[in-house]
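First comes the structure, then the notes that go with it.
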Amino acid sequence: MAKIGRHLYVSGRVQGVAFRYSAIRQAHLLGVTGWVKNVFDGRVELLIEGDDAAVREMTAWCYQGPRAAHVTEVEEEILPYSGKYPSFEVRF
């Protein structure tokens, strides 16, 4: 199966609602790698890599996020797969 990468910025009420830690749980369920972090402007930024279908499913999850989140916009950039992330983690 083809491997891909995605770089996302998620806007809305996405900080202070456990978005990052819910993203880690979802990433582990799907088997994708990369990272997630809060951005100074209130967005959450993610870099996701893995099998095409799993990355697409993780991207779709980001449009809703955890129950307490209210996502208003997701900016997506498709990236080539780099293979340099051994796991999915929170960055600070």
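Order determines the names: the first chain of the structure tokens is A, the second B, and so forth; residues in each chain are numbered 1 upward, and ligands are numbered 1 upward as they are shown.
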Show me, as a list in words, the residues that have an atom within 12 Å of A:Gly31 when counting only C-alpha atoms, minus same-chain residues fewer than 3 positions from it.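 My list of contacting residues is Lys3, Ala23, Ile24, Arg25, Gln26, Ala27, His28, Gly34, Ile48, Glu49, Gly50, Asp51, Asp52, Ala53, Ala54, Val55, Arg56, Glu57, Met58, Tyr85, Pro86, Ser87 and Phe88 of chain A.
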Fewer than 2 positions away in the same chain doesn't count, so skip those; otherwise give me all residues within 9 Å of A:Ser82, counting only C-alpha atoms, as a VMD selection string. chain A and resid 4 to 5 49 79 to 80 84 to 85
Need the shell around A:Ala18: protein/DNA/RNA residues with any atom at most 12 Å away, counting only C-alpha atoms. Skip same-chain ones fewer than 3 positions apart. Format as a short mmCIF file (atom, residue, chain, number, x, y, z; two decimals) with N, CA, C and O atoms, in the first residue's frame?
data_model
loop_
_atom_site.label_atom_id
_atom_site.label_comp_id
_atom_site.auth_asym_id
_atom_site.auth_seq_id
_atom_site.Cartn_x
_atom_site.Cartn_y
_atom_site.Cartn_z
N ARG A 13 -12.37 25.72 18.24
CA ARG A 13 -12.10 25.49 19.65
C ARG A 13 -11.37 24.14 19.74
O ARG A 13 -11.98 23.08 19.88
N VAL A 14 -10.05 24.21 19.59
CA VAL A 14 -9.24 22.99 19.50
C VAL A 14 -8.13 22.93 20.54
O VAL A 14 -7.43 21.93 20.65
N GLN A 15 -7.96 24.01 21.31
CA GLN A 15 -7.00 23.99 22.40
C GLN A 15 -7.77 23.97 23.72
O GLN A 15 -8.83 24.58 23.84
N TYR A 21 -4.03 15.00 22.86
CA TYR A 21 -3.96 13.65 23.45
C TYR A 21 -4.98 12.71 22.82
O TYR A 21 -4.71 11.52 22.69
N SER A 22 -6.09 13.24 22.37
CA SER A 22 -7.04 12.43 21.62
C SER A 22 -6.46 12.06 20.25
O SER A 22 -6.67 10.96 19.75
N ALA A 23 -5.70 12.99 19.66
CA ALA A 23 -5.05 12.72 18.37
C ALA A 23 -4.02 11.60 18.52
O ALA A 23 -3.91 10.74 17.64
N ILE A 24 -3.29 11.60 19.63
CA ILE A 24 -2.33 10.52 19.86
C ILE A 24 -3.04 9.17 19.94
O ILE A 24 -2.62 8.19 19.33
N ARG A 25 -4.12 9.13 20.67
CA ARG A 25 -4.88 7.88 20.81
C ARG A 25 -5.39 7.41 19.43
O ARG A 25 -5.26 6.24 19.08
N VAL A 36 1.86 16.22 16.80
CA VAL A 36 0.78 17.19 16.97
C VAL A 36 1.26 18.24 17.97
O VAL A 36 1.99 17.90 18.91
N LYS A 37 0.88 19.49 17.75
CA LYS A 37 1.25 20.54 18.71
C LYS A 37 0.27 21.70 18.62
O LYS A 37 -0.39 21.91 17.61
N ASN A 38 0.17 22.44 19.74
CA ASN A 38 -0.59 23.68 19.75
C ASN A 38 0.23 24.78 19.10
O ASN A 38 1.45 24.81 19.23
N VAL A 44 -4.29 23.96 16.10
CA VAL A 44 -3.49 22.77 16.36
C VAL A 44 -2.86 22.36 15.03
O VAL A 44 -3.52 22.37 13.99
N GLY A 65 -12.41 15.96 15.61
CA GLY A 65 -11.64 15.98 16.84
C GLY A 65 -12.39 15.32 17.98
O GLY A 65 -13.40 14.63 17.78
N PRO A 66 -11.92 15.54 19.21
CA PRO A 66 -12.59 14.95 20.37
C PRO A 66 -13.94 15.63 20.62
O PRO A 66 -14.24 16.68 20.05
N ARG A 67 -14.74 15.04 21.48
CA ARG A 67 -16.11 15.49 21.74
C ARG A 67 -16.20 16.98 22.10
O ARG A 67 -17.11 17.68 21.63
N ALA A 68 -15.30 17.49 22.91
CA ALA A 68 -15.38 18.88 23.37
C ALA A 68 -14.88 19.90 22.34
O ALA A 68 -15.07 21.10 22.51
N ALA A 69 -14.27 19.44 21.27
CA ALA A 69 -13.75 20.35 20.24
C ALA A 69 -14.87 20.86 19.34
O ALA A 69 -15.92 20.22 19.20
N HIS A 70 -14.61 22.01 18.73
CA HIS A 70 -15.50 22.53 17.68
C HIS A 70 -14.59 23.00 16.55
O HIS A 70 -14.02 24.09 16.60
N VAL A 90 3.34 14.27 20.93
CA VAL A 90 3.07 15.69 21.15
C VAL A 90 4.38 16.44 21.09
O VAL A 90 5.38 16.02 21.68
#
Give me, please, the distance in Å between atom CA of A:Gly12 and atom CA of A:Val74, quoted to one decimal.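 So the two atoms, atom CA of A:Gly12 and atom CA of A:Val74, lie 9.1 Å apart.
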Between atom CA of A:Ser11 and atom CA of A:Leu29, measure the distance and give it in Å to one decimal. 23.2 Å
Taking the backbone alone, and naming residues the way the document does, which bits of chain A are alpha helix (DSSP H) by DSSP, as a PyMOL selection string? chain A and resi 19-30+52-62
Considering only strand (DSSP E) as DSSP defines it on the backbone, what residues of stretch 52-86 of chain A qualify? List them as a VMD selection string. chain A and resid 70 to 79
If you keep N, CA, C and O atoms, can you produce a file of those selected residues as a short mmCIF file (atom, residue, chain, number, x, y, z; two decimals), in the first residue's frame?
data_model
loop_
_atom_site.label_atom_id
_atom_site.label_comp_id
_atom_site.auth_asym_id
_atom_site.auth_seq_id
_atom_site.Cartn_x
_atom_site.Cartn_y
_atom_site.Cartn_z
N HIS A 70 -14.61 22.01 18.73
CA HIS A 70 -15.50 22.53 17.68
C HIS A 70 -14.59 23.00 16.55
O HIS A 70 -14.02 24.09 16.60
N VAL A 71 -14.42 22.13 15.56
CA VAL A 71 -13.53 22.41 14.44
C VAL A 71 -14.28 23.27 13.42
O VAL A 71 -15.38 22.93 13.00
N THR A 72 -13.66 24.38 13.03
CA THR A 72 -14.27 25.27 12.04
C THR A 72 -13.56 25.22 10.69
O THR A 72 -14.16 25.55 9.67
N GLU A 73 -12.28 24.81 10.68
CA GLU A 73 -11.54 24.76 9.42
C GLU A 73 -10.33 23.84 9.58
O GLU A 73 -9.72 23.78 10.64
N VAL A 74 -10.01 23.13 8.49
CA VAL A 74 -8.80 22.32 8.43
C VAL A 74 -8.07 22.67 7.15
O VAL A 74 -8.64 22.56 6.07
N GLU A 75 -6.84 23.14 7.29
CA GLU A 75 -5.98 23.40 6.13
C GLU A 75 -5.11 22.17 5.93
O GLU A 75 -4.48 21.71 6.86
N GLU A 76 -5.09 21.64 4.71
CA GLU A 76 -4.36 20.41 4.43
C GLU A 76 -3.29 20.64 3.36
O GLU A 76 -3.54 21.34 2.39
N GLU A 77 -2.15 20.02 3.56
CA GLU A 77 -1.11 19.99 2.55
C GLU A 77 -0.63 18.54 2.43
O GLU A 77 -0.27 17.92 3.42
N ILE A 78 -0.66 18.00 1.23
CA ILE A 78 -0.19 16.65 0.98
C ILE A 78 1.33 16.69 0.85
O ILE A 78 1.87 17.54 0.15
N LEU A 79 1.99 15.79 1.55
CA LEU A 79 3.45 15.73 1.55
C LEU A 79 3.91 14.35 1.11
O LEU A 79 3.19 13.36 1.28
#
